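Q: Got a structure for you, my_file34.txt, holding compact mmCIF, C-alpha atoms.
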```txt
# COMPACT_ATOMS: atom_id res chain seq x y z
CA MET U 1 -57.07 -7.71 14.47
CA GLU U 2 -57.01 -9.01 10.97
CA GLN U 3 -54.18 -8.05 8.62
CA ASN U 4 -54.77 -7.12 5.05
CA PRO U 5 -52.95 -9.17 2.32
CA LYS U 6 -51.66 -5.89 0.86
CA GLN U 7 -49.98 -5.21 4.17
CA TRP U 8 -48.05 -8.50 3.90
CA VAL U 9 -46.91 -7.51 0.41
CA TRP U 10 -45.63 -4.17 1.70
CA ILE U 11 -43.86 -5.89 4.58
CA ALA U 12 -42.20 -8.32 2.15
CA VAL U 13 -41.19 -5.47 -0.18
CA ALA U 14 -39.76 -3.44 2.73
CA LEU U 15 -37.87 -6.51 3.96
CA ALA U 16 -36.45 -7.19 0.48
CA VAL U 17 -35.43 -3.54 0.04
CA GLY U 18 -33.81 -3.53 3.48
CA LEU U 19 -31.89 -6.74 2.77
CA GLY U 20 -30.80 -5.48 -0.65
CA GLY U 21 -29.71 -2.13 0.77
CA GLY U 22 -27.83 -3.79 3.61
CA TYR U 23 -26.06 -6.15 1.22
CA TYR U 24 -25.11 -3.28 -1.10
CA TYR U 25 -23.87 -1.10 1.79
CA GLY U 26 -21.84 -3.93 3.32
CA ASN U 27 -20.37 -4.89 -0.04
CA MET U 28 -19.31 -1.30 -0.80
CA ARG U 29 -17.66 -0.93 2.63
CA GLY U 30 -15.80 -4.20 2.12
CA VAL U 31 -14.62 -3.15 -1.34
CA ALA U 32 -13.45 0.21 0.00
CA LYS U 33 -11.52 -1.45 2.83
CA GLU U 34 -9.89 -3.89 0.42
CA LYS U 35 -8.85 -1.06 -1.91
CA ALA U 36 -7.33 0.83 1.02
CA ALA U 37 -5.49 -2.28 2.20
CA ALA U 38 -4.19 -2.95 -1.32
CA GLU U 39 -2.92 0.63 -1.59
CA THR U 40 -1.14 0.29 1.76
CA ARG U 41 0.49 -2.98 0.68
CA LYS U 42 1.56 -1.38 -2.62
CA LYS U 43 3.20 1.59 -0.86
CA ALA U 44 4.98 -0.72 1.59
CA ALA U 45 6.29 -2.86 -1.29
CA GLU U 46 7.53 0.24 -3.14
CA ALA U 47 9.35 1.48 -0.03
CA GLU U 48 10.93 -1.95 0.50
CA ALA U 49 12.06 -2.09 -3.14
CA ALA U 50 13.57 1.39 -2.87
CA LYS U 51 15.51 0.33 0.22
CA ALA U 52 16.82 -2.79 -1.50
CA VAL U 53 18.07 -0.82 -4.52
CA ASN U 54 19.86 1.93 -2.56
CA PRO U 55 23.27 0.70 -1.28
CA PHE U 56 23.72 3.84 0.84
CA GLU U 57 20.53 3.28 2.85
CA GLN U 58 22.46 1.66 5.67
CA ALA U 59 24.65 4.29 7.35
CA ASN U 60 27.16 1.82 8.80
CA VAL U 61 28.12 0.24 5.48
CA ASN U 62 30.76 1.90 3.31
CA PRO U 63 30.84 0.37 -0.19
CA PHE U 64 34.34 1.76 -0.79
CA GLU U 65 36.09 0.43 2.31
CA LYS U 66 37.07 -2.85 0.59
CA SER U 67 39.03 -0.97 -2.06
CA PRO U 68 42.72 -2.05 -1.81
CA THR U 69 44.28 1.18 -3.10
CA ASN U 70 43.75 4.88 -2.89
CA PRO U 71 42.89 6.14 -6.41
CA PHE U 72 44.24 9.62 -5.59
CA GLU U 73 47.60 8.48 -4.19
CA ASP U 74 49.64 9.01 -7.37
CA VAL U 75 47.87 12.12 -8.66
CA LYS U 76 50.19 15.01 -9.44
CA VAL U 77 48.34 18.20 -8.55
CA ASN U 78 51.24 20.61 -9.04
CA PRO U 79 52.51 20.45 -12.65
CA PHE U 80 55.77 22.30 -11.71
CA LYS U 81 57.12 19.67 -9.33
```
Mind turning this structure into structure tokens?

A:
Amino acid sequence: MEQNPKQWVWIAVALAVGLGGGYYYGNMRGVAKEKAAAETRKKAAEAEAAKAVNPFEQANVNPFEKSPTNPFEDVKVNPFK
């Protein structure tokens, strides 16, 4: 069973096309995964920054409890008294 030289060329071309296609497919999947991971990291960073900026995010912390006086203590509501 003798093989034709043209057959070896076609085998080499098919192998090269298969390798090129596999490389391209793998590269595109890797790029897509990296973009998705970057988007996830970006959203997590935005949420963390929003939490750091908002002083009322923590329910057990009252920013006004350290105030020494009541600002409404000396307010005269009734002008006739």

Q: Let me know the centre plus edge lengths, in Å and rounded to one decimal, of a box with edges along x, y and z that contains all listed atoms of range 10-16 of chain U and is padded by 3 Å on every side, as lines of an AutoDock Vina configuration file.

A:
```
center_x = -41.0
center_y = -5.9
center_z = 2.2
size_x = 15.2
size_y = 10.9
size_z = 10.8
```

Q: State, in Å with one decimal place, the distance from CA of Ala12 in chain U to CA of Gly30 in chain U.

A: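 Going from CA of Ala12 in chain U over to CA of Gly30 in chain U covers 26.7 Å.
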
Q: Enter the distance from CA of Ala52 in chain U to CA of Glu34 in chain U, in Å, rounded to one decimal.

A: 26.8 Å

Q: Starting from the incomplete input, reconstruct N, CA and C atoms of range 38-58 of chain U and report them as a PDB file, keeping the file's coordinate frame.

A:
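Output saved as selection.pdb:
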```pdb
ATOM      1  N   ALA U  38      -5.046  -2.695  -0.162  1.00  0.00           N
ATOM      2  CA  ALA U  38      -4.190  -2.950  -1.320  1.00  0.00           C
ATOM      3  C   ALA U  38      -3.248  -1.767  -1.561  1.00  0.00           C
ATOM      4  N   GLU U  39      -3.752  -0.564  -1.399  1.00  0.00           N
ATOM      5  CA  GLU U  39      -2.920   0.630  -1.590  1.00  0.00           C
ATOM      6  C   GLU U  39      -1.808   0.679  -0.533  1.00  0.00           C
ATOM      7  N   THR U  40      -2.149   0.320   0.695  1.00  0.00           N
ATOM      8  CA  THR U  40      -1.140   0.290   1.760  1.00  0.00           C
ATOM      9  C   THR U  40      -0.067  -0.749   1.473  1.00  0.00           C
ATOM     10  N   ARG U  41      -0.492  -1.940   1.014  1.00  0.00           N
ATOM     11  CA  ARG U  41       0.490  -2.980   0.680  1.00  0.00           C
ATOM     12  C   ARG U  41       1.373  -2.540  -0.485  1.00  0.00           C
ATOM     13  N   LYS U  42       0.795  -1.844  -1.458  1.00  0.00           N
ATOM     14  CA  LYS U  42       1.560  -1.380  -2.620  1.00  0.00           C
ATOM     15  C   LYS U  42       2.627  -0.358  -2.190  1.00  0.00           C
ATOM     16  N   LYS U  43       2.246   0.585  -1.323  1.00  0.00           N
ATOM     17  CA  LYS U  43       3.200   1.590  -0.860  1.00  0.00           C
ATOM     18  C   LYS U  43       4.316   0.950  -0.035  1.00  0.00           C
ATOM     19  N   ALA U  44       3.964  -0.036   0.784  1.00  0.00           N
ATOM     20  CA  ALA U  44       4.980  -0.720   1.590  1.00  0.00           C
ATOM     21  C   ALA U  44       5.951  -1.493   0.687  1.00  0.00           C
ATOM     22  N   ALA U  45       5.432  -2.121  -0.361  1.00  0.00           N
ATOM     23  CA  ALA U  45       6.290  -2.860  -1.290  1.00  0.00           C
ATOM     24  C   ALA U  45       7.210  -1.907  -2.053  1.00  0.00           C
ATOM     25  N   GLU U  46       6.696  -0.745  -2.444  1.00  0.00           N
ATOM     26  CA  GLU U  46       7.530   0.240  -3.140  1.00  0.00           C
ATOM     27  C   GLU U  46       8.641   0.754  -2.233  1.00  0.00           C
ATOM     28  N   ALA U  47       8.323   1.007  -0.970  1.00  0.00           N
ATOM     29  CA  ALA U  47       9.350   1.480  -0.030  1.00  0.00           C
ATOM     30  C   ALA U  47      10.399   0.401   0.191  1.00  0.00           C
ATOM     31  N   GLU U  48       9.984  -0.846   0.307  1.00  0.00           N
ATOM     32  CA  GLU U  48      10.930  -1.950   0.500  1.00  0.00           C
ATOM     33  C   GLU U  48      11.827  -2.116  -0.724  1.00  0.00           C
ATOM     34  N   ALA U  49      11.259  -1.977  -1.920  1.00  0.00           N
ATOM     35  CA  ALA U  49      12.060  -2.090  -3.140  1.00  0.00           C
ATOM     36  C   ALA U  49      13.064  -0.943  -3.239  1.00  0.00           C
ATOM     37  N   ALA U  50      12.651   0.249  -2.834  1.00  0.00           N
ATOM     38  CA  ALA U  50      13.570   1.390  -2.870  1.00  0.00           C
ATOM     39  C   ALA U  50      14.720   1.193  -1.888  1.00  0.00           C
ATOM     40  N   LYS U  51      14.442   0.601  -0.735  1.00  0.00           N
ATOM     41  CA  LYS U  51      15.510   0.330   0.220  1.00  0.00           C
ATOM     42  C   LYS U  51      16.480  -0.722  -0.308  1.00  0.00           C
ATOM     43  N   ALA U  52      15.966  -1.719  -0.993  1.00  0.00           N
ATOM     44  CA  ALA U  52      16.820  -2.790  -1.500  1.00  0.00           C
ATOM     45  C   ALA U  52      17.732  -2.294  -2.615  1.00  0.00           C
ATOM     46  N   VAL U  53      17.286  -1.320  -3.385  1.00  0.00           N
ATOM     47  CA  VAL U  53      18.070  -0.820  -4.520  1.00  0.00           C
ATOM     48  C   VAL U  53      19.156   0.147  -4.055  1.00  0.00           C
ATOM     49  N   ASN U  54      18.925   0.898  -3.002  1.00  0.00           N
ATOM     50  CA  ASN U  54      19.860   1.930  -2.560  1.00  0.00           C
ATOM     51  C   ASN U  54      20.945   1.333  -1.668  1.00  0.00           C
ATOM     52  N   PRO U  55      22.216   1.280  -2.122  1.00  0.00           N
ATOM     53  CA  PRO U  55      23.270   0.700  -1.280  1.00  0.00           C
ATOM     54  C   PRO U  55      23.682   1.618  -0.134  1.00  0.00           C
ATOM     55  N   PHE U  56      23.328   2.889  -0.193  1.00  0.00           N
ATOM     56  CA  PHE U  56      23.720   3.840   0.840  1.00  0.00           C
ATOM     57  C   PHE U  56      22.642   4.009   1.901  1.00  0.00           C
ATOM     58  N   GLU U  57      21.605   3.188   1.864  1.00  0.00           N
ATOM     59  CA  GLU U  57      20.530   3.280   2.850  1.00  0.00           C
ATOM     60  C   GLU U  57      21.032   2.977   4.251  1.00  0.00           C
ATOM     61  N   GLN U  58      21.918   2.013   4.372  1.00  0.00           N
ATOM     62  CA  GLN U  58      22.460   1.660   5.670  1.00  0.00           C
ATOM     63  C   GLN U  58      23.662   2.567   5.951  1.00  0.00           C
TER      64      GLN U  58
END
```
